[in-house]
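A.B. asks: Input entry_12.csv, format and content: CSV, C-alpha atoms and all ligand atoms.
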chain,number,residue,atom,x,y,z
C,706,MET,CA,0.0,0.0,0.0
C,707,THR,CA,1.7,3.2,-1.1
C,708,ASP,CA,-1.0,5.9,-0.4
C,709,THR,CA,-1.1,7.3,3.1
C,710,PRO,CA,-4.0,9.3,4.4
C,711,PRO,CA,-3.4,13.0,5.1
C,712,GLU,CA,-3.0,14.1,8.8
C,713,TYR,CA,-6.5,14.3,10.3
C,714,SER,CA,-7.7,15.2,13.8
C,715,PRO,CA,-11.3,14.3,14.4
C,716,PRO,CA,-13.4,17.2,15.6
C,717,GLU,CA,-15.1,17.0,19.0
C,718,VAL,CA,-18.5,17.5,17.3
C,719,TRP,CA,-18.7,16.4,13.7
C,720,VAL,CA,-20.6,18.7,11.3
C,721,TRP,CA,-21.4,18.3,7.6
C,722,ASN,CA,-19.6,21.1,5.8
C,723,LYS,CA,-18.3,19.4,2.7
C,724,PRO,CA,-19.0,16.4,0.4
C,725,SER,CA,-17.3,13.2,1.5
C,726,GLY,CA,-15.7,12.6,-1.9
C,727,GLY,CA,-15.2,9.3,-3.7
C,728,SER,CA,-17.9,7.3,-5.6
C,729,PHE,CA,-21.5,8.0,-4.5
C,730,ALA,CA,-20.6,11.4,-2.9
C,731,ASN,CA,-23.6,12.8,-4.7
C,732,ILE,CA,-26.0,10.5,-2.8
C,733,ASN,CA,-24.3,10.5,0.6
C,734,ARG,CA,-25.7,13.0,3.1
C,735,PRO,CA,-26.3,12.9,6.9
C,736,ILE,CA,-30.1,13.7,6.7
C,737,ALA,CA,-33.1,11.5,5.9
C,738,GLY,CA,-36.3,12.3,4.1
C,739,PRO,CA,-37.2,13.2,0.5
C,740,THR,CA,-35.2,15.6,-1.7
C,741,HIS,CA,-37.8,15.9,-4.4
C,742,GLU,CA,-41.4,15.1,-5.3
C,743,ASN,CA,-41.9,11.9,-7.3
C,744,GLU,CA,-44.8,9.6,-7.4
C,745,LEU,CA,-44.0,5.9,-7.8
C,746,PRO,CA,-45.6,4.0,-10.7
C,747,VAL,CA,-48.2,1.3,-9.9
C,748,GLY,CA,-48.8,-1.6,-12.2
C,749,ARG,CA,-51.6,-4.2,-12.5
C,750,HIS,CA,-50.2,-7.0,-10.3
C,751,PRO,CA,-50.8,-7.6,-6.5
C,752,LEU,CA,-47.2,-6.8,-5.6
C,753,GLN,CA,-45.2,-3.7,-6.6
C,754,LEU,CA,-41.5,-4.1,-6.3
C,755,TYR,CA,-39.2,-1.0,-6.3
C,756,SER,CA,-35.7,-2.2,-6.7
C,757,LEU,CA,-32.4,-2.6,-8.6
C,758,GLY,CA,-30.2,-5.6,-9.5
C,759,THR,CA,-27.8,-5.2,-6.5
C,760,PRO,CA,-27.2,-8.1,-4.0
C,761,ASN,CA,-29.9,-6.7,-1.7
C,762,GLY,CA,-32.3,-6.1,-4.5
C,763,VAL,CA,-31.9,-9.6,-6.0
C,764,LYS,CA,-32.9,-11.3,-2.7
C,765,VAL,CA,-36.5,-10.3,-3.2
C,766,THR,CA,-36.6,-11.0,-6.9
C,767,ILE,CA,-35.3,-14.5,-6.2
C,768,MET,CA,-38.0,-15.0,-3.5
C,769,LEU,CA,-40.8,-13.9,-5.9
C,770,GLU,CA,-39.6,-16.1,-8.7
C,771,GLU,CA,-39.3,-19.1,-6.4
C,772,LEU,CA,-42.9,-18.4,-5.2
C,773,LEU,CA,-44.1,-18.2,-8.8
C,774,ALA,CA,-42.2,-21.4,-9.6
C,775,ARG,CA,-44.2,-23.1,-6.8
C,776,GLY,CA,-47.4,-22.0,-8.4
C,777,HIS,CA,-48.4,-19.0,-6.2
C,778,LYS,CA,-50.2,-16.7,-8.7
C,779,GLY,CA,-50.6,-14.1,-5.9
C,780,ALA,CA,-46.8,-13.5,-6.1
C,781,GLU,CA,-47.2,-11.9,-9.6
C,782,TYR,CA,-45.4,-8.5,-9.4
C,783,ASP,CA,-44.5,-5.4,-11.3
C,784,ALA,CA,-40.8,-4.6,-10.9
C,785,TRP,CA,-39.9,-0.9,-11.1
C,786,LEU,CA,-36.3,0.3,-11.5
C,787,ILE,CA,-35.0,2.7,-8.8
C,788,LYS,CA,-31.7,4.2,-9.9
C,789,ILE,CA,-29.9,4.8,-6.7
C,790,GLY,CA,-26.9,6.4,-8.5
C,791,ASP,CA,-29.4,9.1,-9.7
C,792,GLY,CA,-31.0,9.6,-6.3
C,793,ASP,CA,-34.4,8.0,-7.1
C,794,GLN,CA,-34.4,6.5,-3.5
C,795,PHE,CA,-34.9,10.1,-2.2
C,796,GLY,CA,-38.1,10.8,-4.2
C,797,SER,CA,-41.2,11.4,-2.0
C,798,GLY,CA,-43.0,8.3,-3.3
C,799,PHE,CA,-40.1,6.0,-2.6
C,800,VAL,CA,-39.5,7.5,0.9
C,801,ALA,CA,-43.2,6.8,1.7
C,802,VAL,CA,-42.5,3.1,1.0
C,803,ASN,CA,-39.1,3.0,2.7
C,804,PRO,CA,-38.3,6.0,5.0
C,805,ASN,CA,-34.7,4.7,5.0
C,806,SER,CA,-34.3,5.4,1.3
C,807,LYS,CA,-32.8,2.0,0.4
C,808,ILE,CA,-33.8,-0.5,-2.2
C,809,PRO,CA,-35.6,-2.9,-2.3
C,810,ALA,CA,-39.1,-1.9,-1.1
C,811,LEU,CA,-42.4,-3.7,-1.6
C,812,MET,CA,-46.0,-2.6,-1.7
C,813,ASP,CA,-48.6,-5.4,-1.3
C,814,ARG,CA,-51.8,-4.1,-3.0
C,815,SER,CA,-53.6,-7.4,-2.9
C,816,GLY,CA,-55.9,-6.4,0.1
C,817,PRO,CA,-58.2,-3.5,0.8
C,818,LYS,CA,-55.4,-1.5,2.3
C,819,PRO,CA,-51.9,-1.4,0.7
C,820,ILE,CA,-49.1,-2.7,3.0
C,821,ARG,CA,-45.6,-1.3,2.7
C,822,VAL,CA,-42.6,-3.5,3.6
C,823,PHE,CA,-38.9,-2.5,3.6
C,824,GLU,CA,-35.7,-4.2,4.7
C,825,THR,CA,-35.0,-7.4,2.9
C,826,GLY,CA,-35.2,-9.6,6.0
C,827,ALA,CA,-38.7,-8.2,6.7
C,828,ILE,CA,-39.7,-8.5,3.0
C,829,LEU,CA,-38.6,-12.2,2.9
C,830,MET,CA,-40.4,-13.0,6.2
C,831,PHE,CA,-43.5,-11.2,5.0
C,832,LEU,CA,-43.7,-13.1,1.7
C,833,ALA,CA,-42.8,-16.4,3.4
C,834,GLU,CA,-45.6,-16.0,5.9
C,835,LYS,CA,-48.1,-14.7,3.3
C,836,PHE,CA,-47.6,-17.7,1.1
C,837,GLY,CA,-46.5,-20.3,3.7
C,838,GLU,CA,-43.2,-21.2,1.9
C,839,PHE,CA,-39.5,-21.2,2.7
C,840,LEU,CA,-39.8,-20.5,6.5
C,841,PRO,CA,-40.2,-23.6,8.7
C,842,THR,CA,-43.0,-23.5,11.2
C,843,GLU,CA,-41.5,-26.1,13.6
C,844,VAL,CA,-39.9,-24.2,16.4
C,845,SER,CA,-36.2,-25.3,16.2
C,846,ALA,CA,-36.1,-25.3,12.4
C,847,ARG,CA,-37.6,-21.8,12.4
C,848,ALA,CA,-35.1,-20.6,15.0
C,849,GLU,CA,-32.2,-21.9,12.9
C,850,CYS,CA,-33.6,-20.3,9.7
C,851,LEU,CA,-34.1,-16.9,11.4
C,852,SER,CA,-30.7,-17.0,13.0
C,853,TRP,CA,-29.0,-17.4,9.6
C,854,LEU,CA,-31.3,-14.8,8.1
C,855,PHE,CA,-30.4,-12.2,10.7
C,856,TRP,CA,-26.8,-13.3,10.6
C,857,GLN,CA,-26.9,-12.2,6.9
C,858,MET,CA,-28.7,-9.0,7.7
C,859,GLY,CA,-26.3,-8.1,10.5
C,860,SER,CA,-23.0,-9.1,8.7
C,861,ALA,CA,-23.2,-8.5,5.0
C,862,PRO,CA,-24.3,-4.9,4.8
C,863,TYR,CA,-21.6,-4.0,7.3
C,864,LEU,CA,-19.0,-5.7,5.2
C,865,GLY,CA,-20.4,-4.4,1.9
C,866,GLY,CA,-20.5,-0.9,3.4
C,867,GLY,CA,-17.1,-1.3,5.0
C,868,PHE,CA,-14.9,-3.5,2.9
C,869,GLY,CA,-16.4,-2.4,-0.4
C,870,HIS,CA,-16.3,1.2,0.5
C,871,PHE,CA,-12.7,1.4,1.7
C,872,TYR,CA,-11.4,-1.0,-0.9
C,873,ALA,CA,-13.1,0.3,-4.0
C,874,TYR,CA,-15.0,3.6,-3.5
C,875,ALA,CA,-13.1,5.8,-0.9
C,876,PRO,CA,-11.1,8.6,-2.5
C,877,ILE,CA,-8.0,7.5,-0.5
C,878,LYS,CA,-6.7,4.0,0.3
C,879,ILE,CA,-6.4,3.5,4.1
C,880,GLU,CA,-4.5,0.4,4.9
C,881,TYR,CA,-5.8,0.0,8.4
C,882,ALA,CA,-9.5,0.2,7.3
C,883,ILE,CA,-9.0,-2.1,4.4
C,884,ASP,CA,-7.1,-4.7,6.6
C,885,ARG,CA,-9.8,-4.5,9.3
C,886,PHE,CA,-12.7,-5.0,6.9
C,887,ALA,CA,-10.9,-7.6,4.7
C,888,MET,CA,-10.2,-9.7,7.9
C,889,GLU,CA,-13.8,-9.6,8.9
C,890,THR,CA,-15.0,-10.4,5.4
C,891,GLU,CA,-12.8,-13.5,5.4
C,892,ARG,CA,-14.0,-14.5,8.8
C,893,GLN,CA,-17.6,-14.3,7.8
C,894,LEU,CA,-17.0,-16.3,4.6
C,895,ASP,CA,-15.3,-18.9,6.9
C,896,VAL,CA,-18.5,-19.0,9.0
C,897,LEU,CA,-20.4,-19.8,5.8
C,898,ASP,CA,-17.9,-22.4,4.6
C,899,ARG,CA,-17.9,-24.3,7.8
C,900,ARG,CA,-21.7,-24.3,8.1
C,901,LEU,CA,-22.1,-25.5,4.5
C,902,ALA,CA,-19.6,-28.3,5.0
C,903,GLU,CA,-22.0,-29.8,7.6
C,904,SER,CA,-25.4,-28.8,6.3
C,905,GLU,CA,-27.1,-29.2,2.9
C,906,TYR,CA,-28.7,-25.8,3.1
C,907,ILE,CA,-27.7,-23.0,5.5
C,908,ALA,CA,-30.5,-23.7,8.0
C,909,GLY,CA,-30.6,-27.5,7.6
C,910,PRO,CA,-32.0,-30.0,5.1
C,911,ALA,CA,-34.6,-27.5,3.6
C,912,TYR,CA,-34.2,-24.6,1.3
C,913,THR,CA,-35.3,-21.4,3.1
C,914,ILE,CA,-35.4,-17.6,3.0
C,915,ALA,CA,-32.0,-17.7,4.8
C,916,ASP,CA,-30.5,-19.3,1.6
C,917,ILE,CA,-32.3,-16.7,-0.5
C,918,ALA,CA,-30.9,-13.9,1.6
C,919,ILE,CA,-27.3,-15.2,1.7
C,920,PHE,CA,-26.8,-16.4,-1.9
C,921,PRO,CA,-26.6,-12.9,-3.6
L,1,LIG,N1,-30.5,-3.4,5.2
L,1,LIG,C1,-31.1,-3.1,3.9
L,1,LIG,C2,-30.0,-2.7,3.0
L,1,LIG,C3,-30.5,-2.2,1.7
L,1,LIG,C4,-29.4,-1.4,0.9
L,1,LIG,O1,-28.3,-1.2,1.5
L,1,LIG,N2,-29.6,-1.0,-0.3
L,1,LIG,C5,-28.7,-0.3,-1.1
L,1,LIG,C6,-28.4,-0.9,-2.4
L,1,LIG,S1,-27.8,-2.6,-2.2
L,1,LIG,C7,-29.2,1.1,-1.4
L,1,LIG,O2,-30.4,1.3,-1.6
L,1,LIG,N3,-28.4,2.1,-1.4
L,1,LIG,C8,-28.8,3.5,-1.7
L,1,LIG,C9,-28.2,4.5,-0.7
L,1,LIG,O3,-27.5,4.1,0.2
L,1,LIG,O4,-28.5,5.7,-0.9
L,1,LIG,C10,-31.9,-4.2,3.4
L,1,LIG,O5,-31.6,-5.4,3.7
L,1,LIG,O6,-32.9,-4.0,2.7
When written as structure tokens, how does the structure in this file appear?
C.D. replies:
Amino acid sequence: MTDTPPEYSPPEVWVWNKPSGGSFANINRPIAGPTHENELPVGRHPLQLYSLGTPNGVKVTIMLEELLARGHKGAEYDAWLIKIGDGDQFGSGFVAVNPNSKIPALMDRSGPKPIRVFETGAILMFLAEKFGEFLPTEVSARAECLSWLFWQMGSAPYLGGGFGHFYAYAPIKIEYAIDRFAMETERQLDVLDRRLAESEYIAGPAYTIADIAIFP
């Protein structure tokens, strides 16, 4: 590693007075809420998916396709592209579906009152319970499935946001940050390797929403 970061003393109270630099600087800001008015499109199917083909986005698409493959017609959906590089996630319509401005987000319009669901773990559980698929009901199998689902939710975004950011996107290469996140990335992959050496699927003998969350 040849680049060294410039001298920097952290302030006692951090304030946002300049863009952070690097890739995605245009969408990084320390406040939530919409930046502009924009209604979301609504199609003709029961489920409306607002998403993009990132690892998080793909989780829900896999789930919907698996449900359709098992014959659940109620899982028909319209998929609408949210271009996060262009800031679509900060449009008023999207923020109303996910106040955290992250894809994917789902609207279930099959009932009398639309239901919004955000966070992929919540979306996968919602769909699993709605259609009675991919989430065991027996108490110990369910506990194992949810443990791995939440392991994914708690580990992967941290690594994607940490390792990916410092390795690829940050405007300077910081050896300490890259080493720290690379080490944790490898440790988490070792958790996965060891589990899959002893179990056919991540949560046991059956394919579940935990596999769907972890695969991408
Ligand atoms: N914990 C969230 C993570 C979602 C997430 O990080 N989405 C990213 C794309 S993979 C995003 O929308 N980023 C836009 C932004 O940060 O402004 C989930 O599981 O749904």
A.B. asks: Kindly provide, as a ChimeraX atom specification, all nucleotide and amino acid residues lying within 8 Å of ligand LIG 1 (chain L), counting only C-alpha atoms and all ligand atoms.
C.D. replies: /C:732-733,757,759-762,789-790,792,794-795,806-810,823-826,858,862
A.B. asks: When you draw a straight line from CA of Gly816 (chain C) to CA of Phe855 (chain C), how long is it in Å?
C.D. replies: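 Separation of CA of Gly816 (chain C) and CA of Phe855 (chain C): 28.2 Å.
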A.B. asks: Neighbours of Gly738 (chain C) within 10 Å (only C-alpha atoms; same-chain residues fewer than 6 positions away dropped), as a VMD selection string?
C.D. replies: chain C and resid 794 to 797 799 to 801 803 to 806
A.B. asks: For Leu745 (chain C), which residue out of C:Tyr713, C:Trp785, C:Phe886, C:Phe920 is the nearest one, using only C-alpha atoms?
C.D. replies: C:Trp785
A.B. asks: Select, from C:Leu811, C:Ala908, C:Ala875, C:Ile883, the residue with the minimum atom-to-atom distance to Ser725 (chain C), counting all atoms listed in the file.
C.D. replies: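 The shortest atom-to-atom distance to Ser725 (chain C) comes from C:Ala875.
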A.B. asks: Using all atoms listed in the file, find the one residue out of C:Gly909, C:Glu712, C:Glu744, C:Val720 that sits nearest to Ala846 (chain C).
C.D. replies: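 Nearest to Ala846 (chain C): C:Gly909.
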A.B. asks: Any chance you could build region 746-770 of chain C out to N, CA and C atoms and write it as a compact mmCIF listing (two decimals), keeping the file's coordinate frame?
C.D. replies:
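Result saved to selection-v9.txt:
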# COMPACT_ATOMS: atom_id res chain seq x y z
N PRO C 746 -44.62 4.65 -9.80
CA PRO C 746 -45.60 4.00 -10.70
C PRO C 746 -46.25 2.81 -10.01
N VAL C 747 -47.47 2.49 -10.43
CA VAL C 747 -48.20 1.30 -9.90
C VAL C 747 -48.71 0.52 -11.10
N GLY C 748 -48.37 -0.76 -11.13
CA GLY C 748 -48.80 -1.60 -12.20
C GLY C 748 -50.05 -2.41 -11.86
N ARG C 749 -50.30 -3.50 -12.60
CA ARG C 749 -51.60 -4.20 -12.50
C ARG C 749 -51.52 -5.42 -11.53
N HIS C 750 -50.32 -5.80 -11.08
CA HIS C 750 -50.20 -7.00 -10.30
C HIS C 750 -50.36 -6.74 -8.78
N PRO C 751 -50.60 -7.79 -7.98
CA PRO C 751 -50.80 -7.60 -6.50
C PRO C 751 -49.61 -6.95 -5.83
N LEU C 752 -48.42 -7.32 -6.29
CA LEU C 752 -47.20 -6.80 -5.60
C LEU C 752 -46.45 -5.85 -6.49
N GLN C 753 -46.02 -4.76 -5.88
CA GLN C 753 -45.20 -3.70 -6.60
C GLN C 753 -43.84 -3.73 -5.94
N LEU C 754 -42.83 -4.04 -6.76
CA LEU C 754 -41.50 -4.10 -6.30
C LEU C 754 -40.68 -2.91 -6.80
N TYR C 755 -40.05 -2.15 -5.91
CA TYR C 755 -39.20 -1.00 -6.30
C TYR C 755 -37.80 -1.38 -5.96
N SER C 756 -36.95 -1.56 -6.99
CA SER C 756 -35.70 -2.20 -6.70
C SER C 756 -34.65 -1.97 -7.79
N LEU C 757 -33.55 -2.68 -7.68
CA LEU C 757 -32.40 -2.60 -8.60
C LEU C 757 -31.65 -3.89 -8.47
N GLY C 758 -30.87 -4.27 -9.49
CA GLY C 758 -30.20 -5.60 -9.50
C GLY C 758 -28.93 -5.61 -8.61
N THR C 759 -28.99 -5.12 -7.39
CA THR C 759 -27.80 -5.20 -6.50
C THR C 759 -28.05 -6.50 -5.64
N PRO C 760 -27.03 -6.94 -4.88
CA PRO C 760 -27.20 -8.10 -4.00
C PRO C 760 -28.46 -8.01 -3.12
N ASN C 761 -28.72 -6.84 -2.55
CA ASN C 761 -29.90 -6.70 -1.70
C ASN C 761 -31.18 -6.75 -2.53
N GLY C 762 -31.17 -6.08 -3.68
CA GLY C 762 -32.30 -6.10 -4.50
C GLY C 762 -32.69 -7.47 -5.02
N VAL C 763 -31.66 -8.22 -5.41
CA VAL C 763 -31.90 -9.60 -6.00
C VAL C 763 -32.53 -10.53 -5.02
N LYS C 764 -32.31 -10.35 -3.71
CA LYS C 764 -32.90 -11.30 -2.70
C LYS C 764 -34.42 -11.39 -2.93
N VAL C 765 -35.08 -10.25 -3.07
CA VAL C 765 -36.50 -10.30 -3.20
C VAL C 765 -37.01 -10.80 -4.51
N THR C 766 -36.27 -10.48 -5.56
CA THR C 766 -36.60 -11.00 -6.90
C THR C 766 -36.52 -12.54 -6.88
N ILE C 767 -35.47 -13.07 -6.27
CA ILE C 767 -35.30 -14.50 -6.20
C ILE C 767 -36.56 -15.12 -5.47
N MET C 768 -36.91 -14.52 -4.34
CA MET C 768 -38.00 -15.00 -3.50
C MET C 768 -39.33 -15.03 -4.37
N LEU C 769 -39.59 -13.93 -5.07
CA LEU C 769 -40.80 -13.90 -5.90
C LEU C 769 -40.83 -14.88 -6.98
N GLU C 770 -39.68 -15.07 -7.62
CA GLU C 770 -39.60 -16.10 -8.70
C GLU C 770 -39.76 -17.48 -8.15
